[in-house]
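The next block is my_file.tsv, given as TSV, C-alpha atoms.
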```tsv
chain	number	residue	atom	x	y	z
A	1	MET	CA	0.00	0.00	0.00
A	2	SER	CA	2.88	2.37	0.56
A	3	GLY	CA	4.87	1.58	-2.55
A	4	ARG	CA	3.22	4.07	-4.85
A	5	ARG	CA	4.04	7.16	-2.84
A	6	ALA	CA	6.94	9.25	-4.18
A	7	ALA	CA	9.54	9.60	-1.47
A	8	LEU	CA	9.40	13.00	0.20
A	9	LYS	CA	12.62	14.94	-0.24
A	10	ALA	CA	14.04	16.35	2.95
A	11	ILE	CA	14.09	20.14	2.70
A	12	ASP	CA	16.58	22.20	4.65
A	13	TRP	CA	14.41	25.18	5.52
A	14	MET	CA	17.30	27.09	7.15
A	15	ALA	CA	19.45	26.97	4.03
A	16	PHE	CA	16.41	27.82	1.95
A	17	ALA	CA	15.65	30.81	4.15
A	18	GLU	CA	19.19	32.14	3.68
A	19	ARG	CA	18.78	32.25	-0.05
A	20	VAL	CA	15.53	34.15	-0.06
A	21	PRO	CA	15.98	37.84	-0.96
A	22	ASN	CA	14.33	40.33	1.34
A	23	ASN	CA	11.55	41.38	-0.97
A	24	GLN	CA	10.30	37.80	-1.23
A	25	ARG	CA	10.38	37.02	2.43
A	26	THR	CA	6.58	37.20	2.97
A	27	MET	CA	6.03	34.74	0.15
A	28	PHE	CA	8.59	32.41	1.69
A	29	ASN	CA	6.92	32.64	5.10
A	30	ASN	CA	3.53	31.84	3.57
A	31	LEU	CA	4.99	28.86	1.76
A	32	LYS	CA	6.57	27.59	4.95
A	33	THR	CA	3.35	27.97	6.94
A	34	ARG	CA	1.39	26.10	4.31
A	35	SER	CA	3.98	23.33	4.07
A	36	ASP	CA	4.04	22.92	7.82
A	37	ALA	CA	0.24	22.76	7.97
A	38	ILE	CA	0.16	20.08	5.29
A	39	ALA	CA	2.89	18.07	6.99
A	40	ALA	CA	1.08	18.31	10.32
A	41	LYS	CA	-2.15	17.10	8.73
A	42	LEU	CA	-0.32	14.17	7.16
A	43	ALA	CA	1.34	13.25	10.43
A	44	SER	CA	-1.97	13.28	12.28
A	45	LEU	CA	-3.46	10.56	10.05
A	46	PRO	CA	-2.41	6.95	10.78
A	47	GLU	CA	-1.08	5.10	7.80
A	48	LYS	CA	-3.34	2.03	7.92
A	49	PRO	CA	-7.04	2.26	8.67
A	50	ALA	CA	-8.51	0.44	11.67
A	51	VAL	CA	-8.94	-3.30	11.19
A	52	ILE	CA	-12.52	-4.55	11.15
A	53	ASP	CA	-13.10	-7.54	13.43
A	54	TRP	CA	-15.16	-9.72	11.10
A	55	ASN	CA	-15.60	-12.66	13.53
A	56	TYR	CA	-17.22	-10.46	16.12
A	57	TYR	CA	-19.67	-9.21	13.57
A	58	LYS	CA	-20.31	-12.71	12.28
A	59	THR	CA	-21.38	-13.79	15.76
A	60	MET	CA	-23.41	-10.67	16.49
A	61	VAL	CA	-25.32	-9.92	13.31
A	62	ALA	CA	-28.35	-12.21	12.90
A	63	LYS	CA	-28.92	-11.70	9.19
A	64	ALA	CA	-27.43	-14.61	7.40
A	65	GLY	CA	-24.71	-13.94	4.92
A	66	MET	CA	-24.74	-10.17	5.38
A	67	VAL	CA	-21.40	-10.08	7.14
A	68	ASP	CA	-19.86	-12.53	4.70
A	69	GLU	CA	-21.07	-10.45	1.80
A	70	PHE	CA	-19.64	-7.30	3.39
A	71	GLU	CA	-16.34	-9.02	4.08
A	72	LYS	CA	-16.00	-10.26	0.50
A	73	LYS	CA	-16.84	-6.88	-1.00
A	74	PHE	CA	-14.54	-5.09	1.41
A	75	ALA	CA	-11.56	-7.27	0.61
A	76	ALA	CA	-12.19	-6.84	-3.10
A	77	LEU	CA	-12.51	-3.08	-2.84
A	78	LYS	CA	-9.61	-0.99	-4.18
A	79	VAL	CA	-9.57	2.60	-3.15
A	80	PRO	CA	-8.46	4.66	-6.12
A	81	GLU	CA	-5.36	6.75	-5.57
A	82	PRO	CA	-5.79	10.46	-6.16
A	83	VAL	CA	-4.54	11.59	-9.55
A	84	ASP	CA	-1.48	13.83	-9.58
A	85	ILE	CA	-2.12	16.80	-11.87
A	86	GLN	CA	0.22	19.37	-10.36
A	87	THR	CA	3.64	17.78	-10.68
A	88	ALA	CA	3.73	18.37	-14.42
A	89	THR	CA	2.92	22.04	-13.91
A	90	ILE	CA	5.60	22.29	-11.27
A	91	ASN	CA	8.16	20.66	-13.54
A	92	ASN	CA	7.27	23.13	-16.27
A	93	GLN	CA	7.66	25.99	-13.85
A	94	GLU	CA	11.03	24.63	-12.88
A	95	GLN	CA	12.20	24.48	-16.50
A	96	GLU	CA	11.08	28.04	-17.04
A	97	SER	CA	12.74	29.25	-13.89
A	98	ASN	CA	15.97	27.55	-14.93
A	99	LYS	CA	15.87	29.42	-18.21
A	100	ASN	CA	15.16	32.70	-16.44
A	101	ALA	CA	17.92	32.00	-13.98
A	102	VAL	CA	20.44	31.42	-16.73
A	103	ALA	CA	19.40	34.66	-18.44
A	104	TYR	CA	19.58	36.55	-15.15
A	105	ILE	CA	23.03	35.20	-14.35
A	106	GLU	CA	24.19	36.24	-17.81
A	107	ALA	CA	22.89	39.75	-17.31
A	108	SER	CA	24.39	39.82	-13.83
A	109	LYS	CA	27.79	38.80	-15.17
A	110	ALA	CA	27.55	41.52	-17.82
A	111	ARG	CA	26.82	44.04	-15.08
A	112	ILE	CA	29.74	42.77	-13.03
A	113	GLY	CA	31.97	43.18	-16.09
A	114	GLN	CA	30.80	46.74	-16.46
A	115	TYR	CA	31.40	47.55	-12.79
A	116	GLU	CA	34.85	45.99	-12.92
A	117	GLN	CA	35.71	48.05	-15.95
A	118	GLU	CA	34.76	51.25	-14.17
A	119	LEU	CA	36.64	50.10	-11.10
A	120	GLU	CA	39.73	49.57	-13.26
A	121	LYS	CA	39.35	53.06	-14.63
A	122	PHE	CA	39.32	54.49	-11.13
A	123	LYS	CA	42.14	52.33	-9.83
A	124	SER	CA	44.49	53.11	-12.71
A	125	MET	CA	43.75	56.83	-12.61
A	126	ILE	CA	46.72	59.19	-12.16
A	127	PRO	CA	46.59	61.04	-8.84
A	128	TYR	CA	44.64	64.28	-8.89
A	129	ASP	CA	47.61	66.49	-8.07
A	130	GLN	CA	49.43	65.26	-11.17
A	131	MET	CA	46.53	65.69	-13.57
A	132	THR	CA	46.06	68.47	-16.08
A	133	ILE	CA	42.70	69.96	-16.91
A	134	GLU	CA	42.65	68.10	-20.22
A	135	GLU	CA	43.21	64.81	-18.41
A	136	LEU	CA	40.49	65.69	-15.93
A	137	ASN	CA	38.05	66.36	-18.78
A	138	GLU	CA	39.02	63.06	-20.33
A	139	MET	CA	38.41	61.16	-17.11
A	140	PHE	CA	35.18	62.95	-16.16
A	141	PRO	CA	33.56	64.38	-19.29
A	142	GLU	CA	31.06	66.31	-17.23
A	143	THR	CA	33.82	68.69	-16.02
A	144	LYS	CA	34.54	69.88	-19.55
A	145	LEU	CA	33.75	73.58	-19.94
A	146	ASP	CA	31.75	74.36	-23.08
A	147	LYS	CA	33.80	77.14	-24.71
A	148	GLU	CA	31.46	77.38	-27.71
A	149	LYS	CA	28.24	77.84	-25.80
A	150	HIS	CA	29.77	80.19	-23.22
A	151	PRO	CA	32.74	81.87	-24.90
A	152	TYR	CA	33.50	84.21	-21.99
A	153	TRP	CA	34.91	83.25	-18.60
A	154	PRO	CA	33.74	81.43	-16.49
A	155	HIS	CA	32.40	79.41	-19.43
A	156	ARG	CA	29.29	78.31	-17.57
A	157	PRO	CA	26.14	80.01	-16.32
A	158	ILE	CA	26.78	82.17	-13.25
A	159	SER	CA	24.02	80.35	-11.40
A	160	GLU	CA	25.95	77.10	-11.64
A	161	LEU	CA	29.18	78.42	-10.15
B	162	MET	CA	54.92	80.04	-2.80
B	163	LEU	CA	54.03	80.35	-6.42
B	164	SER	CA	52.36	76.95	-6.43
B	165	ARG	CA	49.81	78.27	-3.95
B	166	LEU	CA	49.09	81.21	-6.24
B	167	VAL	CA	48.20	78.71	-8.90
B	168	PHE	CA	45.49	77.06	-6.88
B	169	LEU	CA	43.81	80.10	-5.42
B	170	PRO	CA	41.93	80.97	-8.64
B	171	ALA	CA	42.14	77.34	-9.65
B	172	SER	CA	40.33	76.71	-12.90
B	173	ALA	CA	40.75	80.27	-14.19
B	174	LEU	CA	44.50	80.02	-14.63
B	175	LYS	CA	44.45	76.50	-15.88
B	176	SER	CA	41.60	76.94	-18.36
B	177	SER	CA	43.83	79.20	-20.37
B	178	GLY	CA	45.38	75.92	-21.35
B	179	SER	CA	46.80	76.65	-24.70
B	180	LEU	CA	48.04	80.13	-23.81
B	181	GLY	CA	50.60	78.94	-21.23
B	182	ALA	CA	50.48	82.06	-19.11
B	183	GLY	CA	52.49	81.99	-15.88
B	184	LEU	CA	55.56	80.11	-14.76
B	185	VAL	CA	53.64	76.96	-13.94
B	186	GLN	CA	52.41	76.38	-17.46
B	187	ALA	CA	55.77	77.22	-18.99
B	188	GLY	CA	57.23	73.80	-18.35
B	189	ARG	CA	54.25	72.01	-19.84
B	190	CYS	CA	53.69	73.95	-23.01
B	191	LEU	CA	57.00	72.51	-24.20
B	192	HIS	CA	55.18	69.17	-24.31
B	193	THR	CA	53.41	69.91	-27.57
B	194	SER	CA	54.79	67.13	-29.76
B	195	PRO	CA	53.22	63.68	-29.52
B	196	GLN	CA	56.51	62.10	-28.43
B	197	THR	CA	56.29	63.61	-25.00
B	198	GLN	CA	53.20	61.71	-23.80
B	199	ALA	CA	54.90	60.83	-20.53
B	200	PRO	CA	52.87	61.87	-17.52
B	201	VAL	CA	53.72	65.29	-16.22
B	202	PRO	CA	55.71	65.20	-12.98
B	203	PRO	CA	53.91	66.60	-9.96
B	204	LEU	CA	54.16	70.29	-9.16
B	205	PRO	CA	56.85	71.16	-6.61
B	206	GLU	CA	55.56	71.82	-3.10
B	207	LYS	CA	57.87	74.75	-2.37
B	208	SER	CA	59.49	77.28	-4.66
B	209	GLY	CA	63.25	77.61	-5.09
B	210	LYS	CA	65.17	78.56	-1.96
B	211	VAL	CA	66.07	82.26	-1.65
B	212	ARG	CA	68.14	84.27	0.77
B	213	HIS	CA	66.90	87.59	2.06
B	214	GLY	CA	63.68	87.16	0.15
B	215	PHE	CA	64.92	87.72	-3.37
B	216	ILE	CA	68.44	86.34	-3.99
B	217	PRO	CA	68.37	82.70	-5.14
B	218	GLU	CA	70.47	80.24	-3.20
B	219	GLU	CA	72.07	79.06	-6.42
B	220	PHE	CA	73.94	82.39	-6.68
B	221	PHE	CA	75.63	81.82	-3.34
B	222	GLN	CA	76.47	78.22	-4.30
B	223	PHE	CA	77.86	79.47	-7.61
B	224	LEU	CA	80.29	81.88	-5.83
B	225	TYR	CA	81.11	79.56	-2.93
B	226	PRO	CA	84.08	77.65	-4.50
B	227	LYS	CA	85.91	80.82	-5.41
B	228	THR	CA	85.03	83.26	-2.65
B	229	GLY	CA	83.69	81.13	0.22
B	230	VAL	CA	80.76	82.17	2.40
B	231	THR	CA	81.29	85.92	2.48
B	232	GLY	CA	81.84	86.29	-1.26
B	233	PRO	CA	78.35	87.34	-2.36
B	234	TYR	CA	77.98	89.73	0.60
B	235	VAL	CA	81.28	91.42	-0.20
B	236	LEU	CA	80.21	91.65	-3.84
B	237	GLY	CA	76.90	93.20	-2.77
B	238	THR	CA	78.53	95.73	-0.43
B	239	GLY	CA	81.11	96.65	-3.06
B	240	LEU	CA	78.49	97.16	-5.72
B	241	THR	CA	76.33	99.32	-3.41
B	242	LEU	CA	79.25	101.50	-2.38
B	243	TYR	CA	80.34	101.86	-6.00
B	244	MET	CA	76.85	102.95	-7.08
B	245	LEU	CA	76.54	105.43	-4.19
B	246	SER	CA	79.99	106.94	-4.47
B	247	LYS	CA	79.99	107.28	-8.23
B	248	GLU	CA	76.43	108.68	-8.01
B	249	ILE	CA	75.16	106.05	-10.42
B	250	TYR	CA	72.29	105.83	-7.93
B	251	VAL	CA	71.40	109.31	-6.64
B	252	ILE	CA	69.89	109.63	-3.16
B	253	ASN	CA	66.77	111.80	-3.26
B	254	HIS	CA	63.38	111.91	-1.52
B	255	GLU	CA	62.25	108.88	-3.54
B	256	THR	CA	64.95	106.91	-1.70
B	257	PHE	CA	63.34	107.56	1.65
B	258	ALA	CA	59.89	106.81	0.24
B	259	ALA	CA	61.27	103.52	-1.12
B	260	LEU	CA	62.92	102.70	2.20
B	261	SER	CA	59.70	103.37	4.18
B	262	VAL	CA	57.54	101.41	1.77
B	263	GLY	CA	60.08	98.63	1.80
B	264	ALA	CA	60.09	98.52	5.59
B	265	VAL	CA	56.31	98.37	5.77
B	266	LEU	CA	56.15	95.71	3.10
B	267	ILE	CA	58.75	93.52	4.76
B	268	TYR	CA	56.97	93.87	8.09
B	269	ALA	CA	53.62	92.99	6.52
B	270	VAL	CA	54.93	89.96	4.68
B	271	LYS	CA	56.79	88.67	7.70
B	272	LYS	CA	53.75	89.09	9.93
B	273	PHE	CA	50.84	88.03	7.69
B	274	GLY	CA	52.58	85.84	5.14
B	275	PRO	CA	52.32	82.51	6.95
B	276	GLY	CA	48.68	83.11	7.84
B	277	ILE	CA	47.67	83.77	4.28
B	278	ALA	CA	49.78	80.85	3.12
B	279	ALA	CA	48.00	78.53	5.53
B	280	PHE	CA	44.63	79.83	4.37
B	281	ALA	CA	45.48	79.19	0.74
B	282	ASP	CA	46.78	75.76	1.63
B	283	LYS	CA	43.54	74.98	3.41
B	284	LEU	CA	41.49	75.95	0.36
B	285	ASN	CA	43.66	73.75	-1.75
B	286	ASP	CA	43.40	70.84	0.64
B	287	GLU	CA	39.63	71.14	0.75
B	288	LYS	CA	39.41	70.96	-3.02
B	289	ALA	CA	41.70	67.95	-3.09
B	290	ALA	CA	39.76	66.22	-0.33
B	291	LYS	CA	36.47	66.78	-2.12
B	292	VAL	CA	37.75	65.26	-5.30
B	293	GLN	CA	39.35	62.37	-3.45
B	294	GLU	CA	36.06	61.73	-1.70
B	295	VAL	CA	34.29	61.52	-5.03
B	296	LYS	CA	36.78	58.90	-6.12
B	297	ASP	CA	36.51	56.93	-2.86
B	298	VAL	CA	32.73	56.91	-2.91
B	299	ALA	CA	32.73	55.75	-6.51
B	300	VAL	CA	35.19	52.93	-5.81
B	301	LYS	CA	33.29	51.82	-2.71
B	302	SER	CA	29.92	51.79	-4.44
B	303	LEU	CA	31.32	49.82	-7.36
B	304	THR	CA	32.87	47.15	-5.13
B	305	GLN	CA	29.61	47.00	-3.17
B	306	ALA	CA	27.66	46.58	-6.41
B	307	ILE	CA	29.95	43.75	-7.51
B	308	ASP	CA	29.50	41.98	-4.17
B	309	ASP	CA	25.74	42.37	-4.36
B	310	GLU	CA	25.64	40.90	-7.84
B	311	LYS	CA	27.69	37.92	-6.69
B	312	LYS	CA	25.34	37.42	-3.76
B	313	GLU	CA	22.31	37.52	-6.05
B	314	GLN	CA	23.91	34.88	-8.25
B	315	TRP	CA	24.40	32.68	-5.19
B	316	ARG	CA	20.78	33.25	-4.28
B	317	VAL	CA	19.58	32.18	-7.71
B	318	GLU	CA	21.30	28.84	-7.22
B	319	GLY	CA	18.83	27.98	-4.50
B	320	ARG	CA	15.81	28.06	-6.82
B	321	ASN	CA	15.53	24.26	-6.86
B	322	MET	CA	14.55	24.23	-3.22
B	323	LEU	CA	11.35	26.08	-4.00
B	324	PHE	CA	10.28	23.45	-6.50
B	325	ASP	CA	11.26	20.61	-4.20
B	326	ALA	CA	9.10	22.16	-1.52
B	327	LYS	CA	6.19	22.45	-3.95
B	328	ARG	CA	6.53	18.86	-5.09
B	329	ASN	CA	6.72	17.70	-1.50
B	330	ASN	CA	3.56	19.59	-0.72
B	331	VAL	CA	1.77	17.99	-3.63
B	332	ALA	CA	2.93	14.49	-2.62
B	333	MET	CA	1.88	15.08	0.98
B	334	LEU	CA	-1.55	16.29	-0.11
B	335	LEU	CA	-2.04	13.21	-2.29
B	336	GLU	CA	-0.98	10.89	0.49
B	337	THR	CA	-3.28	12.63	2.96
B	338	ASN	CA	-6.17	12.34	0.53
B	339	TYR	CA	-5.52	8.65	-0.04
B	340	ARG	CA	-5.39	7.89	3.64
B	341	GLU	CA	-8.57	9.86	4.23
B	342	ARG	CA	-10.30	7.78	1.60
B	343	LEU	CA	-9.16	4.50	3.19
B	344	HIS	CA	-10.35	5.64	6.56
B	345	MET	CA	-13.65	6.78	5.18
B	346	VAL	CA	-14.33	3.39	3.54
B	347	THR	CA	-13.54	1.50	6.72
B	348	ASN	CA	-15.63	3.78	8.84
B	349	GLU	CA	-18.62	3.57	6.56
B	350	VAL	CA	-18.55	-0.24	6.53
B	351	LYS	CA	-18.18	-0.30	10.27
B	352	LYS	CA	-21.07	2.11	10.68
B	353	ARG	CA	-23.37	-0.05	8.62
B	354	LEU	CA	-22.49	-3.22	10.52
B	355	ASP	CA	-22.91	-1.46	13.82
B	356	TYR	CA	-26.26	-0.16	12.68
B	357	GLN	CA	-27.41	-3.67	11.97
B	358	ILE	CA	-26.33	-4.76	15.43
B	359	GLN	CA	-28.06	-1.82	17.07
B	360	LEU	CA	-31.17	-2.56	15.10
B	361	GLN	CA	-31.13	-6.16	16.32
B	362	ASN	CA	-30.63	-5.07	19.89
B	363	LEU	CA	-33.51	-2.66	19.63
B	364	HIS	CA	-35.81	-5.35	18.30
B	365	GLN	CA	-34.87	-7.73	21.10
B	366	ARG	CA	-35.38	-5.11	23.75
B	367	LEU	CA	-38.79	-4.15	22.43
B	368	GLU	CA	-39.88	-7.78	22.28
B	369	ARG	CA	-38.61	-8.45	25.80
B	370	GLU	CA	-40.32	-5.47	27.29
B	371	HIS	CA	-43.56	-6.23	25.49
B	372	MET	CA	-43.48	-9.77	26.76
B	373	VAL	CA	-42.78	-8.67	30.32
B	374	ASP	CA	-45.65	-6.19	30.18
B	375	TRP	CA	-48.03	-8.81	28.83
B	376	VAL	CA	-47.00	-11.39	31.48
B	377	GLU	CA	-47.39	-8.83	34.21
B	378	LYS	CA	-50.82	-7.78	32.99
B	379	ASN	CA	-52.00	-11.38	32.85
B	380	VAL	CA	-50.64	-12.17	36.29
B	381	VAL	CA	-52.39	-9.19	37.78
B	382	LYS	CA	-55.61	-10.16	36.00
B	383	SER	CA	-55.34	-13.72	37.33
B	384	ILE	CA	-55.12	-12.70	40.94
B	385	THR	CA	-58.69	-13.60	42.34
B	386	PRO	CA	-60.29	-11.66	45.20
B	387	GLN	CA	-59.98	-14.76	47.46
B	388	GLN	CA	-56.24	-14.98	46.92
B	389	GLU	CA	-55.99	-11.27	47.57
B	390	LYS	CA	-57.69	-11.49	50.99
B	391	GLU	CA	-55.52	-14.46	51.99
B	392	SER	CA	-52.29	-12.73	51.01
B	393	ILE	CA	-53.25	-9.53	52.88
B	394	ALA	CA	-53.99	-11.59	56.09
B	395	LYS	CA	-50.64	-13.35	55.75
B	396	CYS	CA	-48.90	-10.02	55.33
B	397	ILE	CA	-50.50	-8.62	58.51
B	398	ALA	CA	-49.48	-11.76	60.50
B	399	ASP	CA	-45.93	-11.46	59.21
B	400	LEU	CA	-45.83	-7.81	60.12
B	401	LYS	CA	-47.03	-8.57	63.69
B	402	VAL	CA	-44.25	-11.16	64.14
B	403	LEU	CA	-41.71	-8.71	62.79
B	404	ALA	CA	-42.95	-5.96	65.10
B	405	LYS	CA	-42.68	-8.25	68.14
B	406	ASN	CA	-39.11	-9.20	67.12
B	407	THR	CA	-38.00	-5.64	66.70
B	408	GLN	CA	-39.66	-4.63	70.01
B	409	ALA	CA	-37.77	-7.49	71.73
B	410	LYS	CA	-34.53	-6.37	70.10
B	411	ALA	CA	-35.10	-2.73	71.07
B	412	SER	CA	-35.76	-3.55	74.79
B	413	LEU	CA	-32.57	-5.63	74.97
```

Represent the structure from my file as structure tokens, please.
Amino acid sequence: MSGRRAALKAIDWMAFAERVPNNQRTMFNNLKTRSDAIAAKLASLPEKPAVIDWNYYKTMVAKAGMVDEFEKKFAALKVPEPVDIQTATINNQEQESNKNAVAYIEASKARIGQYEQELEKFKSMIPYDQMTIEELNEMFPETKLDKEKHPYWPHRPISEL
Amino acid sequence: MLSRLVFLPASALKSSGSLGAGLVQAGRCLHTSPQTQAPVPPLPEKSGKVRHGFIPEEFFQFLYPKTGVTGPYVLGTGLTLYMLSKEIYVINHETFAALSVGAVLIYAVKKFGPGIAAFADKLNDEKAAKVQEVKDVAVKSLTQAIDDEKKEQWRVEGRNMLFDAKRNNVAMLLETNYRERLHMVTNEVKKRLDYQIQLQNLHQRLEREHMVDWVEKNVVKSITPQQEKESIAKCIADLKVLAKNTQAKASL
């Protein structure tokens, strides 16, 4: 009777909790509560149902053959197992999430590359007291004074001084 | 001293890049050809050493091998005396004006010079600190961003746990449902059998009680008046005996 059940995988909730980002923490808590409730419900039910004492009933019930009939039908009865419709959906979700994860990691690596490039630029910069104004404008283009738009000193609107 | 002058009106002097005005720019405007792309050496902190405020130290070093320490001073005295005696320099009222102005100037520079120098240095340092801070903040935020990205990647690796949890939930629900069904079947069968037994018991009880009632009724009906009088007399006799016994017991 217990061969058809898929073995339950042990889940390390502590490790799982560590990996949850902060903005998804409520969802994680809800999932945990639901899982715990389901597990509790499962644990509260005994695995095998109570055994029916057929001999006792045979002696007690006066109607002839009723108990025998019941016993035969009961032994022949097969309780259908509930059909599993969700696992396929879950597997699909997992495939999709794997794809998304790969894409996200790619994007993340690209971002890291960008950050490292900028970091390199800063680390290999010549010290400020050895720079010229041209080098400063090269390094930080926003410091370049627009001599065409404002031809007279200080080459920028007075309000921005 | 001159280097401080450069920084006081900072960008103004330097923006006249191509013109090369001022001593500071003079060294750099030689670097016009593409061969001299080497980074410019840093500006000197202090200007060349001078004695008495205006005579460069190099002059004294130049005369030292030939005339020793007193050489330049002797040269200076000799020149002054020559100019005075030959009237190449004529003493007039302008001389005294020059001497007074000179005295005041020297006093002013000696008294207020260091203060103003420190002030200019402070301005310079503030500017440098601000720019350095910009750089530090940028570097820090970039390293922080890189760490965060790495952490997010680590987090993504844990996505399987979510699906394991979901599958577990589904399996547990199925198992619970199956067990509930088994229990329900057993209970229903048991209930029906028990009902039959209860029904039987009820029947038997009703029959028994009915029979008892009927027997009782018949017995009562069959008691004749003669039997009734005899039984009442017997009861009274019994009671009298009992009363005598209890009286005897009570007097004892």

Near-Thr87 in chain A list (10 Å; all atoms listed in the file; drop same-chain fewer than 6 positions) as a compact mmCIF listing (two decimals) with C-alpha atoms, in the frame of the given file:
```txt
# COMPACT_ATOMS: atom_id res chain seq x y z
CA GLN A 93 7.66 25.99 -13.85
CA PHE B 324 10.28 23.45 -6.50
CA LYS B 327 6.19 22.45 -3.95
CA ARG B 328 6.53 18.86 -5.09
CA ASN B 329 6.72 17.70 -1.50
CA VAL B 331 1.77 17.99 -3.63
CA ALA B 332 2.93 14.49 -2.62
```

Legend entry - Residue hits in chain B, query chain A, radius 7 Å, only C-alpha atoms, as a VMD selection string: chain B and resid 175 201 to 203 300 303 307 310 314 316 to 317 319 322 324 326 328 to 330 332 to 335 337 to 340 343 to 344 347 357 to 358

Inset, instruction - Calculate how many Å separate CA of Met14 in chain A from CA of Asn29 in chain A, rounding to one decimal. - result: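 Going from CA of Met14 in chain A over to CA of Asn29 in chain A, I get 11.9 Å.
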
Please return the centre and edge lengths, in Å to one decimal, of a box with edges along x, y and z that contains all listed atoms of range 89-107 of chain A, widened by 4 Å on every side, as lines of an AutoDock Vina configuration file.
```
center_x = 13.6
center_y = 30.2
center_z = -14.9
size_x = 29.3
size_y = 27.1
size_z = 15.2
```

Legend entry - Using all atoms listed in the file: which of A:Lys144, A:Met139, A:Asp68, A:Asn23 has the shortest distance to Tyr56 in chain A: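 Under the stated criterion, the closest residue is A:Asp68.
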
Your completed range 329-334 of chain B with all heavy atoms, as a tab-separated table (two decimals), keeping the file's coordinate frame:
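Output (result-v5.tsv):
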```tsv
chain	number	residue	atom	x	y	z
B	329	ASN	N	6.99	18.36	-2.78
B	329	ASN	CA	6.72	17.70	-1.50
B	329	ASN	C	5.31	17.97	-1.04
B	329	ASN	O	4.60	17.06	-0.60
B	329	ASN	CB	7.69	18.23	-0.44
B	329	ASN	CG	8.90	17.34	-0.34
B	329	ASN	OD1	9.08	16.49	-1.19
B	329	ASN	ND2	9.71	17.55	0.67
B	330	ASN	N	4.91	19.23	-1.15
B	330	ASN	CA	3.56	19.59	-0.72
B	330	ASN	C	2.53	18.78	-1.48
B	330	ASN	O	1.58	18.24	-0.91
B	330	ASN	CB	3.30	21.09	-0.94
B	330	ASN	CG	3.93	21.91	0.14
B	330	ASN	OD1	4.54	21.36	1.04
B	330	ASN	ND2	3.78	23.22	0.07
B	331	VAL	N	2.73	18.72	-2.80
B	331	VAL	CA	1.77	17.99	-3.63
B	331	VAL	C	1.72	16.53	-3.19
B	331	VAL	O	0.64	15.95	-3.00
B	331	VAL	CB	2.17	18.09	-5.12
B	331	VAL	CG1	1.41	17.10	-5.94
B	331	VAL	CG2	1.90	19.49	-5.63
B	332	ALA	N	2.90	15.90	-3.01
B	332	ALA	CA	2.93	14.49	-2.62
B	332	ALA	C	2.22	14.28	-1.28
B	332	ALA	O	1.45	13.33	-1.10
B	332	ALA	CB	4.38	14.01	-2.52
B	333	MET	N	2.49	15.22	-0.34
B	333	MET	CA	1.88	15.08	0.98
B	333	MET	C	0.36	15.19	0.88
B	333	MET	O	-0.37	14.44	1.53
B	333	MET	CB	2.42	16.16	1.92
B	333	MET	CG	3.80	15.84	2.43
B	333	MET	SD	4.23	16.73	3.91
B	333	MET	CE	4.72	18.27	3.23
B	334	LEU	N	-0.10	16.14	0.04
B	334	LEU	CA	-1.55	16.29	-0.11
B	334	LEU	C	-2.16	15.03	-0.67
B	334	LEU	O	-3.21	14.57	-0.21
B	334	LEU	CB	-1.84	17.48	-1.02
B	334	LEU	CG	-1.75	18.84	-0.35
B	334	LEU	CD1	-1.84	19.93	-1.40
B	334	LEU	CD2	-2.84	19.01	0.67
```
